[in-house]
Each structure stands twice: as structure tokens, then as C-alpha cells.
Amino acid sequence: MQLSAPGSLTDFTTNEQRSAWSDQLSTEINDAIAGINKCTAAAQYVNPALVDVSAFQRSPIHWVGFPNSLYAQFNTKQQAYATADAPSVVDNGKLTGGRTSQDEYLEWYIHRDQQGNIRAVDFTTETQRYWEFLYAADPELAAATYSKVLGMQVNSGDISTPDNTYDPYNKFNTTNGIVHLVQQFNTLGAELDIAVQSTLPRLDGDNNVTNDVVSCKHCSSADPLGDAGRNSDPTIAQMVNAVAATGCYLTIPDPVGLYIQALDSSGWTMPAGVTLADCWKVTRGTPAVRATFTVPSGTQLSDFSIGGIPITYAGQIAEKISVFLTAAYGPQGAVPLPPARPCSGQAEGGVPAKRTSRRMTK
């Protein structure tokens with residue numbers, strides 16, 4: 001089957017673009033599957049472009065969108081929020097600021113008024129890979145789609161480098177807005193790699209089968225499967241591994257991507273006459289890849305509270321957003337399981353194994 005754009009987006013204008021995107025995504029999936037070939041005779045992960053998975057059961061795997069890693073770095077939540085909310089700075093092609101710490105496949109941009117008050121926050125789960133493809137297919141189409149997403153005029157030269165390649169750190173995606181993810185580990189390739197690698201059965205230090213595999217040695221390198229300090233990686237790895245242990249075929253079905261699941265409204269107190277539906281709007285994708293929280297006219301963000309604590313940071317909203325991918329799996333016992341491999345790459349004493357640049361190239 002032809003794979004769709006993430007969120008079933010309709011940005012493409014020609015059948016050639018749709019087909020080329022499907023081919024590129026299918027190749028990336030096949031590459032991820034090839035990464036475990038030396039560790040198993042029969043891969044349980046399948047490519048939905050090549051295998052009919054329409055009858056597979058589906059289950060969302062979700063996690064909190066605020067970076068869990070920041071809690072470990074600071075003494076207070078306020079310090080973590082402030083770090084995540086710090087403005088982006090691009091200097092000589094290098095990005096610094098809050099976006100570099102937003103590593104749960106959810107990133108955001110804050111709109112402030114002249115007094116510095118937060119008036120709106122845009123959230124996205126769109127990957128850089130998709131926008132690189134869109135620009136390569138048609139720079140003018142990429143610019144027009146930027147304009148549509150942001151509600152302002154963007155030209156192709158605004159989002160390109162001096163040598164006419166796509167610039168993910170352009171101002172409309174960093175200092176002046178947000179369109180897609182740029183944090184170095186928030187990649188489509190990372191999502192696929194963790195899901196595929198996590199299908200392999202593993203043994204812990206006591207030689208018992210375990211599904212706590214996020215820090216286990218990667219099949220094709222000494223790297224860990226993911227980062228144990230995040231919300232996302234351990235959740236994806238553990239749930240995929242547990243399902244794979246039943247001997248089923250499984251995959252991330254079409255549309256392959258990372259999505260905004262919901263904004264949790266529990267514990268919220270809002271200004272009189274205001275509902276959460278007045279503020280929270282999904283603006284792109286089905287499932288959602290983009291949403292905006294807007295502070296209504298006549299109110300301030302601090303007029304809202306969660307658990308009795310006034311909201312003064314966008315990170316407090318991100319803390320209530322769930323991000324997800326969908327797992328699809330077939331009947332149990334369809335695939336003979338390979339022998340369980342030692343989790344030889346697992347960090348000792350519960351300390352996450354070091355992340356490497358392996359995932360930066362995805």
C-alpha cells in the first residue's frame with residue numbers, strides 16, 4: 001500500500017510526491033528492520049507498505065510531553081519549566097535555548113505580548129524528515145505550507161541555506177515560530193529504531209527474561225536502544241517488547257508518525273466563563289501533529305491553574321499533554337521467538353546508558 005503523510009496531511013500536490021514520500025518512508029522502515037537481521041531469523045516488525053496489517057489490533061503507546069530529563073537536572077519544577085521555555089537562539093548554524101531540552105517528541109513556541117505575557121503556545125510533533133522531503137520535492141510548496149501553518153507570508157528563501165538546501169533552523173521554525181521538531185533526538189528514525197529493536201527478547205543481569213529493555217545493547221551496535229531518562233523511550237521499548245513476547249507480528253501502522261493525543265483537563269481551574277475548549281485547538285493533522293493553547297482576551301495565563309498552582313510557564317501545559325504513537329499487532333504465536341539475548345548494554349545500578357550520536361543521523 002502507499003503510505004500516507006504523517007497525520008494524513010494533504011500538503012502534497014502531485015501523485016509523484018505522494019508516491020515518493022511513501023517510497024522514502026518504506027525504505028526507512030526497511031532499514032530499521034535490517035538493523036536486527038543478525039539477531040533474529042524472522043523479524044516480527046513488519047513494513048505496513050508491504051504487509052497487509054488492516055486486521056491487526058491497534059493500541060496507542062502514550063507518554064507525557066514535558067521532558068522528564070529536566071526534573072533530574074534541577075531542584076525545583078520551576079527551574080525545569082524555565083529551562084524548557086527559554087527562547088531559541090541560532091548562532092552560526094547552532095541552536096541553543098529551550099528547544100534543545102524538549103526531547104519527548106513534543107516541542108513548543110511561546111507567543112508573548114509586549115509586556116512579556118504568554119498569549120499563546122504552539123505545540124508540534126511533526127518531524128524534520130517530513131519537511132526536508134517537502135522542500136526537496138518543491139521548495140515553493142514547502143514555503144506555501146509554512147505560510148499556511150503559521151498564518152504569515154514565508155518565502156522559499158526564508159527556509160533555505162545559502163546553498164539552497166532546507167534549513168531546519170530557519171527563523172520561522174526557531175526564533176519566530178515553530179513548524180517541526182528540531183531537538184536532535186526527536187526524529188522519525190529514532191521512533192522506528194526503538195520500536196524495531198525492542199521486539200527482541202532480552203535477559204536481565206540475573207538471566208531472567210525482562211521487558212525493561214530501553215538501556216539494552218542495540219543489536220547492530222554497542223549503543224542502548226534509547227534513553228532511560230526520558231518518558232518516551234522506556235515506554236515505547238517496554239510496551240513493544242511485552243507485545244512482541246506473545247509471538248505476534250507488529251508495526252506502527254499508516255499513518256506512521258508521532259502525535260498529540262490529548263490535553264488532560266483534570267485539576268484545571270479556569271477564569272469564569274472560560275472552558276478548555278475555548279483555549280485548546282488542534283490545528284493540523286488527523287491524528288493531530290499540531291495544536292495551540294490560546295489565552296482568551298481579557299485574561300492572563302496566570303488566571304488558569306492546575307492543582308491550585310497558577311500557570312506561568314508553557315511547560316506546565318506541556319506537562320498535561322500526552323504524545324503517542326500507535327502499535328498494531330496480529331495474532332499471538334505467529335512468529336517463533338529467537339533466543340533471548342543478554343541485556344549486555346544495560347547500564348549498571350539503574351543509571352541510563354549514555355546516548356550517542358547514532359540517532360542524530362536519522
# chains A, B, ... in the order shown; residues from 1 in each chain; ligands from 1
$ closest_atom_pairs --of "stretch 211-289 of chain A" --to "stretch 313-336 of chain A" --cutoff "12 Å" --atoms "only C-alpha atoms" --output "JSON lines"
{"residue": "A:Asn231", "atom": "CA", "partner": "A:Val323", "partner_atom": "CA", "distance": 10.0}
{"residue": "A:Ser232", "atom": "CA", "partner": "A:Val323", "partner_atom": "CA", "distance": 8.5}
{"residue": "A:Asp233", "atom": "CA", "partner": "A:Phe324", "partner_atom": "CA", "distance": 11.4}
{"residue": "A:Thr235", "atom": "CA", "partner": "A:Phe324", "partner_atom": "CA", "distance": 10.1}
{"residue": "A:Ile236", "atom": "CA", "partner": "A:Leu325", "partner_atom": "CA", "distance": 8.6}
{"residue": "A:Ala237", "atom": "CA", "partner": "A:Ala327", "partner_atom": "CA", "distance": 11.5}
{"residue": "A:Met239", "atom": "CA", "partner": "A:Ala327", "partner_atom": "CA", "distance": 9.1}
{"residue": "A:Val240", "atom": "CA", "partner": "A:Ala327", "partner_atom": "CA", "distance": 7.7}
{"residue": "A:Asn241", "atom": "CA", "partner": "A:Ala327", "partner_atom": "CA", "distance": 11.4}
{"residue": "A:Ala242", "atom": "CA", "partner": "A:Tyr329", "partner_atom": "CA", "distance": 11.5}
{"residue": "A:Val243", "atom": "CA", "partner": "A:Tyr329", "partner_atom": "CA", "distance": 7.8}
{"residue": "A:Ala244", "atom": "CA", "partner": "A:Tyr329", "partner_atom": "CA", "distance": 8.5}
{"residue": "A:Ala245", "atom": "CA", "partner": "A:Gln332", "partner_atom": "CA", "distance": 8.9}
{"residue": "A:Thr246", "atom": "CA", "partner": "A:Gln332", "partner_atom": "CA", "distance": 5.3}
{"residue": "A:Gly247", "atom": "CA", "partner": "A:Gly333", "partner_atom": "CA", "distance": 4.4}
{"residue": "A:Cys248", "atom": "CA", "partner": "A:Gln332", "partner_atom": "CA", "distance": 4.6}
{"residue": "A:Tyr249", "atom": "CA", "partner": "A:Gly330", "partner_atom": "CA", "distance": 5.4}
{"residue": "A:Leu250", "atom": "CA", "partner": "A:Tyr329", "partner_atom": "CA", "distance": 4.1}
{"residue": "A:Thr251", "atom": "CA", "partner": "A:Ala328", "partner_atom": "CA", "distance": 5.3}
{"residue": "A:Ile252", "atom": "CA", "partner": "A:Ala327", "partner_atom": "CA", "distance": 4.9}
{"residue": "A:Pro253", "atom": "CA", "partner": "A:Ala328", "partner_atom": "CA", "distance": 6.1}
{"residue": "A:Asp254", "atom": "CA", "partner": "A:Thr326", "partner_atom": "CA", "distance": 9.1}
{"residue": "A:Pro255", "atom": "CA", "partner": "A:Thr326", "partner_atom": "CA", "distance": 9.2}
{"residue": "A:Val256", "atom": "CA", "partner": "A:Leu325", "partner_atom": "CA", "distance": 8.0}
{"residue": "A:Gly257", "atom": "CA", "partner": "A:Leu325", "partner_atom": "CA", "distance": 6.6}
{"residue": "A:Leu258", "atom": "CA", "partner": "A:Leu325", "partner_atom": "CA", "distance": 5.2}
{"residue": "A:Tyr259", "atom": "CA", "partner": "A:Phe324", "partner_atom": "CA", "distance": 5.3}
{"residue": "A:Ile260", "atom": "CA", "partner": "A:Val323", "partner_atom": "CA", "distance": 4.6}
{"residue": "A:Gln261", "atom": "CA", "partner": "A:Val323", "partner_atom": "CA", "distance": 5.4}
{"residue": "A:Ala262", "atom": "CA", "partner": "A:Ser322", "partner_atom": "CA", "distance": 5.6}
{"residue": "A:Leu263", "atom": "CA", "partner": "A:Ile321", "partner_atom": "CA", "distance": 4.5}
{"residue": "A:Asp264", "atom": "CA", "partner": "A:Lys320", "partner_atom": "CA", "distance": 5.2}
{"residue": "A:Ser265", "atom": "CA", "partner": "A:Lys320", "partner_atom": "CA", "distance": 7.6}
{"residue": "A:Ser266", "atom": "CA", "partner": "A:Lys320", "partner_atom": "CA", "distance": 8.8}
{"residue": "A:Gly267", "atom": "CA", "partner": "A:Lys320", "partner_atom": "CA", "distance": 10.0}
{"residue": "A:Trp268", "atom": "CA", "partner": "A:Lys320", "partner_atom": "CA", "distance": 10.0}
{"residue": "A:Leu276", "atom": "CA", "partner": "A:Ile317", "partner_atom": "CA", "distance": 11.7}
{"residue": "A:Cys279", "atom": "CA", "partner": "A:Ile317", "partner_atom": "CA", "distance": 11.5}
{"residue": "A:Trp280", "atom": "CA", "partner": "A:Ile317", "partner_atom": "CA", "distance": 10.4}
{"residue": "A:Pro287", "atom": "CA", "partner": "A:Leu325", "partner_atom": "CA", "distance": 9.8}
{"residue": "A:Ala288", "atom": "CA", "partner": "A:Val323", "partner_atom": "CA", "distance": 9.7}
{"residue": "A:Val289", "atom": "CA", "partner": "A:Val323", "partner_atom": "CA", "distance": 9.5}
$ write_last_selection --atoms "C-alpha atoms" --output "PDB file, in the first residue's frame"
ATOM      1  CA  ASN A 231       9.274   9.475  29.289  1.00  0.00           C
ATOM      2  CA  SER A 232       9.055   8.273  25.681  1.00  0.00           C
ATOM      3  CA  ASP A 233      11.874   5.805  25.063  1.00  0.00           C
ATOM      4  CA  THR A 235       7.519   3.485  27.429  1.00  0.00           C
ATOM      5  CA  ILE A 236       7.863   2.589  23.744  1.00  0.00           C
ATOM      6  CA  ALA A 237      10.542  -0.037  24.381  1.00  0.00           C
ATOM      7  CA  MET A 239       5.343  -1.924  25.634  1.00  0.00           C
ATOM      8  CA  VAL A 240       6.658  -3.095  22.250  1.00  0.00           C
ATOM      9  CA  ASN A 241       8.797  -5.744  23.929  1.00  0.00           C
ATOM     10  CA  ALA A 242       5.868  -7.022  26.015  1.00  0.00           C
ATOM     11  CA  VAL A 243       3.627  -7.349  22.955  1.00  0.00           C
ATOM     12  CA  ALA A 244       6.389  -8.951  20.877  1.00  0.00           C
ATOM     13  CA  ALA A 245       6.824 -11.592  23.599  1.00  0.00           C
ATOM     14  CA  THR A 246       3.475 -13.075  22.516  1.00  0.00           C
ATOM     15  CA  GLY A 247       4.994 -14.061  19.164  1.00  0.00           C
ATOM     16  CA  CYS A 248       2.923 -11.714  17.025  1.00  0.00           C
ATOM     17  CA  TYR A 249       3.820  -9.625  14.014  1.00  0.00           C
ATOM     18  CA  LEU A 250       3.632  -5.924  14.859  1.00  0.00           C
ATOM     19  CA  THR A 251       4.208  -2.496  13.369  1.00  0.00           C
ATOM     20  CA  ILE A 252       3.435   1.208  13.547  1.00  0.00           C
ATOM     21  CA  PRO A 253       0.567   1.400  11.060  1.00  0.00           C
ATOM     22  CA  ASP A 254      -0.267   4.060   8.499  1.00  0.00           C
ATOM     23  CA  PRO A 255      -0.088   6.988   9.016  1.00  0.00           C
ATOM     24  CA  VAL A 256       3.330   6.416  10.555  1.00  0.00           C
ATOM     25  CA  GLY A 257       4.206   9.262  12.889  1.00  0.00           C
ATOM     26  CA  LEU A 258       4.175  10.828  16.343  1.00  0.00           C
ATOM     27  CA  TYR A 259       1.028  12.535  17.505  1.00  0.00           C
ATOM     28  CA  ILE A 260      -0.593  14.727  20.120  1.00  0.00           C
ATOM     29  CA  GLN A 261      -3.146  12.571  21.890  1.00  0.00           C
ATOM     30  CA  ALA A 262      -4.891  14.965  24.258  1.00  0.00           C
ATOM     31  CA  LEU A 263      -4.628  17.767  26.772  1.00  0.00           C
ATOM     32  CA  ASP A 264      -5.523  16.391  30.205  1.00  0.00           C
ATOM     33  CA  SER A 265      -8.059  18.730  31.803  1.00  0.00           C
ATOM     34  CA  SER A 266      -8.034  17.142  35.255  1.00  0.00           C
ATOM     35  CA  GLY A 267      -7.152  19.556  38.040  1.00  0.00           C
ATOM     36  CA  TRP A 268      -7.607  22.684  35.943  1.00  0.00           C
ATOM     37  CA  LEU A 276     -10.716  24.429  27.996  1.00  0.00           C
ATOM     38  CA  CYS A 279      -8.327  27.673  24.551  1.00  0.00           C
ATOM     39  CA  TRP A 280      -7.135  24.341  23.145  1.00  0.00           C
ATOM     40  CA  PRO A 287      -4.244  12.335  14.254  1.00  0.00           C
ATOM     41  CA  ALA A 288      -3.035  15.710  15.498  1.00  0.00           C
ATOM     42  CA  VAL A 289       0.503  16.860  14.772  1.00  0.00           C
TER      43      VAL A 289
END
$ residues_around --residues "A:Asn170" --least-positions-apart "5" --cutoff "10 Å" --atoms "only C-alpha atoms" --output "compact mmCIF listing (two decimals) with N, CA and C atoms, in the first residue's frame"
# COMPACT_ATOMS: atom_id res chain seq x y z
N VAL A 90 19.76 30.98 17.50
CA VAL A 90 20.53 30.33 16.45
C VAL A 90 21.74 31.19 16.14
N GLY A 93 24.55 28.58 12.73
CA GLY A 93 24.01 27.26 12.45
C GLY A 93 23.85 26.36 13.66
N GLY A 157 13.15 31.26 0.09
CA GLY A 157 14.45 31.72 0.54
C GLY A 157 14.56 31.88 2.04
N ASP A 158 13.41 32.03 2.71
CA ASP A 158 13.41 32.19 4.17
C ASP A 158 13.72 30.89 4.89
N ILE A 159 13.54 29.75 4.21
CA ILE A 159 13.70 28.45 4.88
C ILE A 159 14.82 27.64 4.25
N SER A 160 15.69 28.30 3.51
CA SER A 160 16.78 27.59 2.85
C SER A 160 18.14 28.12 3.31
N THR A 161 19.15 27.31 3.12
CA THR A 161 20.53 27.70 3.40
C THR A 161 21.09 28.44 2.20
N THR A 175 13.34 30.99 16.17
CA THR A 175 13.21 32.23 16.93
C THR A 175 11.88 32.93 16.73
N ASN A 176 11.24 32.72 15.58
CA ASN A 176 9.99 33.44 15.26
C ASN A 176 8.77 32.52 15.17
N GLY A 177 8.93 31.25 15.47
CA GLY A 177 7.80 30.33 15.36
C GLY A 177 8.25 28.90 15.43
N ILE A 178 7.31 28.00 15.18
CA ILE A 178 7.62 26.57 15.19
C ILE A 178 6.77 25.87 14.14
$ closest_atom_pairs --of "stretch 261-305 of chain A" --to "stretch 95-117 of chain A" --cutoff "12 Å" --atoms "only C-alpha atoms" --output "JSON lines"
{"residue": "A:Gln261", "atom": "CA", "partner": "A:Leu106", "partner_atom": "CA", "distance": 11.1}
{"residue": "A:Ala288", "atom": "CA", "partner": "A:Leu106", "partner_atom": "CA", "distance": 11.8}
{"residue": "A:Val289", "atom": "CA", "partner": "A:Leu106", "partner_atom": "CA", "distance": 9.3}
{"residue": "A:Arg290", "atom": "CA", "partner": "A:Leu106", "partner_atom": "CA", "distance": 9.5}
{"residue": "A:Ala291", "atom": "CA", "partner": "A:Trp108", "partner_atom": "CA", "distance": 9.6}
{"residue": "A:Thr292", "atom": "CA", "partner": "A:Trp108", "partner_atom": "CA", "distance": 9.2}
{"residue": "A:Phe293", "atom": "CA", "partner": "A:Ile110", "partner_atom": "CA", "distance": 9.7}
{"residue": "A:Thr294", "atom": "CA", "partner": "A:His111", "partner_atom": "CA", "distance": 9.2}
{"residue": "A:Val295", "atom": "CA", "partner": "A:Asn117", "partner_atom": "CA", "distance": 10.0}
{"residue": "A:Ser297", "atom": "CA", "partner": "A:Asp113", "partner_atom": "CA", "distance": 11.8}
{"residue": "A:Thr299", "atom": "CA", "partner": "A:Asn117", "partner_atom": "CA", "distance": 10.6}
{"residue": "A:Gln300", "atom": "CA", "partner": "A:Asn117", "partner_atom": "CA", "distance": 7.5}
{"residue": "A:Leu301", "atom": "CA", "partner": "A:Asn117", "partner_atom": "CA", "distance": 7.8}
{"residue": "A:Ser302", "atom": "CA", "partner": "A:Asn117", "partner_atom": "CA", "distance": 9.4}
{"residue": "A:Asp303", "atom": "CA", "partner": "A:Asn117", "partner_atom": "CA", "distance": 11.9}
$ closest_atom_pairs --of "stretch 102-143 of chain A" --to "stretch 14-30 of chain A" --cutoff "12 Å" --atoms "only C-alpha atoms" --output "tab-separated table"
residue	atom	partner	partner_atom	distance
A:Arg129	CA	A:Leu25	CA	9.5
A:Tyr130	CA	A:Trp21	CA	8.3
A:Trp131	CA	A:Trp21	CA	10.9
A:Glu132	CA	A:Trp21	CA	10.8
A:Phe133	CA	A:Trp21	CA	7.3
A:Leu134	CA	A:Gln17	CA	8.4
A:Tyr135	CA	A:Gln17	CA	11.0
A:Ala136	CA	A:Gln17	CA	10.1
A:Ala137	CA	A:Gln17	CA	6.7
A:Asp138	CA	A:Gln17	CA	9.0
A:Leu141	CA	A:Thr14	CA	10.9
$ write_last_selection --atoms "C-alpha atoms" --output "PDB file, in the first residue's frame"
ATOM      1  CA  ARG A 129      12.347  14.394   7.925  1.00  0.00           C
ATOM      2  CA  TYR A 130       8.923  15.226   6.501  1.00  0.00           C
ATOM      3  CA  TRP A 131       9.781  18.881   5.941  1.00  0.00           C
ATOM      4  CA  GLU A 132      13.132  18.030   4.389  1.00  0.00           C
ATOM      5  CA  PHE A 133      11.254  15.851   1.943  1.00  0.00           C
ATOM      6  CA  LEU A 134       8.654  18.525   1.215  1.00  0.00           C
ATOM      7  CA  TYR A 135      11.331  21.125   0.493  1.00  0.00           C
ATOM      8  CA  ALA A 136      13.318  18.735  -1.716  1.00  0.00           C
ATOM      9  CA  ALA A 137      10.146  17.892  -3.655  1.00  0.00           C
ATOM     10  CA  ASP A 138       9.159  21.534  -4.176  1.00  0.00           C
ATOM     11  CA  LEU A 141       5.295  24.193  -1.901  1.00  0.00           C
TER      12      LEU A 141
END
$ select_by_dssp --residues "stretch 116-275 of chain A" --states "helix (DSSP H, G or I)" --output "CSV table (one decimal) with N, CA and C atoms, in the first residue's frame"
chain,number,residue,atom,x,y,z
A,128,GLN,N,11.3,16.6,11.4
A,128,GLN,CA,12.2,17.3,10.4
A,128,GLN,C,12.2,16.5,9.1
A,129,ARG,N,12.2,15.2,9.1
A,129,ARG,CA,12.3,14.4,7.9
A,129,ARG,C,11.3,14.7,6.9
A,130,TYR,N,10.0,14.9,7.4
A,130,TYR,CA,8.9,15.2,6.5
A,130,TYR,C,9.1,16.6,5.8
A,131,TRP,N,9.6,17.6,6.5
A,131,TRP,CA,9.8,18.9,5.9
A,131,TRP,C,11.0,18.9,5.0
A,132,GLU,N,12.0,18.2,5.3
A,132,GLU,CA,13.1,18.0,4.4
A,132,GLU,C,12.7,17.5,3.1
A,133,PHE,N,11.8,16.4,3.2
A,133,PHE,CA,11.3,15.9,1.9
A,133,PHE,C,10.4,16.9,1.2
A,134,LEU,N,9.6,17.6,1.9
A,134,LEU,CA,8.7,18.5,1.2
A,134,LEU,C,9.4,19.6,0.5
A,135,TYR,N,10.5,20.1,1.1
A,135,TYR,CA,11.3,21.1,0.5
A,135,TYR,C,12.1,20.6,-0.7
A,136,ALA,N,12.6,19.3,-0.6
A,136,ALA,CA,13.3,18.7,-1.7
A,136,ALA,C,12.4,18.5,-2.9
A,137,ALA,N,11.1,18.1,-2.6
A,137,ALA,CA,10.1,17.9,-3.7
A,137,ALA,C,9.7,19.2,-4.4
A,139,PRO,N,10.4,23.4,-3.3
A,139,PRO,CA,10.7,24.5,-2.3
A,139,PRO,C,9.5,25.5,-2.2
A,140,GLU,N,8.9,25.8,-3.3
A,140,GLU,CA,7.8,26.7,-3.2
A,140,GLU,C,6.6,26.2,-2.5
A,141,LEU,N,6.4,24.9,-2.6
A,141,LEU,CA,5.3,24.2,-1.9
A,141,LEU,C,5.6,24.2,-0.4
A,142,ALA,N,6.9,23.9,-0.1
A,142,ALA,CA,7.2,23.9,1.3
A,142,ALA,C,7.0,25.3,2.0
A,143,ALA,N,7.4,26.3,1.2
A,143,ALA,CA,7.2,27.7,1.7
A,143,ALA,C,5.7,28.0,1.9
A,144,ALA,N,4.9,27.6,0.9
A,144,ALA,CA,3.5,27.9,0.9
A,144,ALA,C,2.8,27.2,2.1
A,145,THR,N,3.3,26.0,2.4
A,145,THR,CA,2.8,25.2,3.5
A,145,THR,C,3.2,25.8,4.8
A,146,TYR,N,4.4,26.3,4.9
A,146,TYR,CA,4.9,27.1,6.1
A,146,TYR,C,3.9,28.3,6.3
A,147,SER,N,3.6,29.0,5.2
A,147,SER,CA,2.7,30.2,5.3
A,147,SER,C,1.4,29.8,5.8
A,148,LYS,N,0.8,28.7,5.4
A,148,LYS,CA,-0.5,28.2,5.8
A,148,LYS,C,-0.5,27.8,7.3
A,149,VAL,N,0.6,27.1,7.7
A,149,VAL,CA,0.7,26.6,9.1
A,149,VAL,C,0.8,27.8,10.0
A,150,LEU,N,1.6,28.8,9.7
A,150,LEU,CA,1.9,29.9,10.6
A,150,LEU,C,1.0,31.1,10.4
A,156,SER,N,10.4,30.8,0.0
A,156,SER,CA,11.3,29.6,-0.1
A,156,SER,C,12.7,30.0,0.4
A,157,GLY,N,13.1,31.3,0.1
A,157,GLY,CA,14.5,31.7,0.5
A,157,GLY,C,14.6,31.9,2.0
A,158,ASP,N,13.4,32.0,2.7
A,158,ASP,CA,13.4,32.2,4.2
A,158,ASP,C,13.7,30.9,4.9
A,159,ILE,N,13.5,29.8,4.2
A,159,ILE,CA,13.7,28.5,4.9
A,159,ILE,C,14.8,27.6,4.2
A,171,LYS,N,14.4,30.9,10.9
A,171,LYS,CA,13.8,31.7,11.9
A,171,LYS,C,12.3,31.4,12.2
A,172,PHE,N,11.6,30.9,11.1
A,172,PHE,CA,10.2,30.6,11.3
A,172,PHE,C,10.0,29.3,12.0
A,173,ASN,N,11.1,28.5,12.2
A,173,ASN,CA,11.0,27.3,13.0
A,173,ASN,C,11.8,27.3,14.3
A,188,LEU,N,12.1,10.8,13.4
A,188,LEU,CA,11.3,9.7,12.9
A,188,LEU,C,12.1,8.4,12.9
A,189,GLY,N,13.4,8.5,12.5
A,189,GLY,CA,14.2,7.3,12.5
A,189,GLY,C,14.4,6.8,13.9
A,190,ALA,N,14.5,7.7,15.0
A,190,ALA,CA,14.6,7.2,16.3
A,190,ALA,C,13.4,6.4,16.8
A,191,GLU,N,12.2,6.9,16.4
A,191,GLU,CA,11.0,6.2,16.7
A,191,GLU,C,11.0,4.8,16.2
A,192,LEU,N,11.3,4.7,14.9
A,192,LEU,CA,11.3,3.4,14.2
A,192,LEU,C,12.3,2.5,14.8
A,193,ASP,N,13.5,3.0,15.0
A,193,ASP,CA,14.6,2.2,15.5
A,193,ASP,C,14.3,1.6,16.9
A,194,ILE,N,13.8,2.4,17.8
A,194,ILE,CA,13.4,1.9,19.1
A,194,ILE,C,12.4,0.8,19.0
A,195,ALA,N,11.3,1.1,18.2
A,195,ALA,CA,10.2,0.1,18.1
A,195,ALA,C,10.8,-1.2,17.5
A,196,VAL,N,11.6,-1.2,16.5
A,196,VAL,CA,12.1,-2.4,15.8
A,196,VAL,C,13.0,-3.1,16.8
A,197,GLN,N,14.0,-2.4,17.4
A,197,GLN,CA,15.0,-3.1,18.2
A,197,GLN,C,14.3,-3.7,19.5
A,232,SER,N,9.4,9.0,26.9
A,232,SER,CA,9.1,8.3,25.7
A,232,SER,C,9.8,7.0,25.5
A,233,ASP,N,11.1,7.0,25.4
A,233,ASP,CA,11.9,5.8,25.1
A,233,ASP,C,11.6,4.6,25.9
A,234,PRO,N,11.6,4.7,27.3
A,234,PRO,CA,11.3,3.5,28.0
A,234,PRO,C,9.9,3.0,27.8
A,235,THR,N,8.9,3.9,27.6
A,235,THR,CA,7.5,3.5,27.4
A,235,THR,C,7.4,2.7,26.1
A,236,ILE,N,7.9,3.3,25.0
A,236,ILE,CA,7.9,2.6,23.7
A,236,ILE,C,8.5,1.2,23.8
A,237,ALA,N,9.8,1.2,24.4
A,237,ALA,CA,10.5,0.0,24.4
A,237,ALA,C,9.9,-1.1,25.2
A,238,GLN,N,9.4,-0.8,26.4
A,238,GLN,CA,8.8,-1.8,27.3
A,238,GLN,C,7.5,-2.3,26.7
A,239,MET,N,6.6,-1.5,26.1
A,239,MET,CA,5.3,-1.9,25.6
A,239,MET,C,5.5,-2.7,24.4
A,240,VAL,N,6.4,-2.3,23.5
A,240,VAL,CA,6.7,-3.1,22.3
A,240,VAL,C,7.2,-4.5,22.6
A,241,ASN,N,8.2,-4.5,23.5
A,241,ASN,CA,8.8,-5.7,23.9
A,241,ASN,C,7.8,-6.7,24.5
A,242,ALA,N,6.9,-6.2,25.4
A,242,ALA,CA,5.9,-7.0,26.0
A,242,ALA,C,4.9,-7.6,25.0
A,243,VAL,N,4.5,-6.8,24.0
A,243,VAL,CA,3.6,-7.3,23.0
A,243,VAL,C,4.4,-8.4,22.1
A,244,ALA,N,5.6,-8.0,21.7
A,244,ALA,CA,6.4,-9.0,20.9
A,244,ALA,C,6.6,-10.3,21.5
$ atom_distance --atom1 "atom CA of A:Phe304" --atom2 "atom CA of A:Met152"
28.8 Å
$ closest_residue --among "A:Thr174, A:Asn211, A:Thr10, A:Thr286" --to "A:Pro87" --atoms "only C-alpha atoms"
A:Thr174
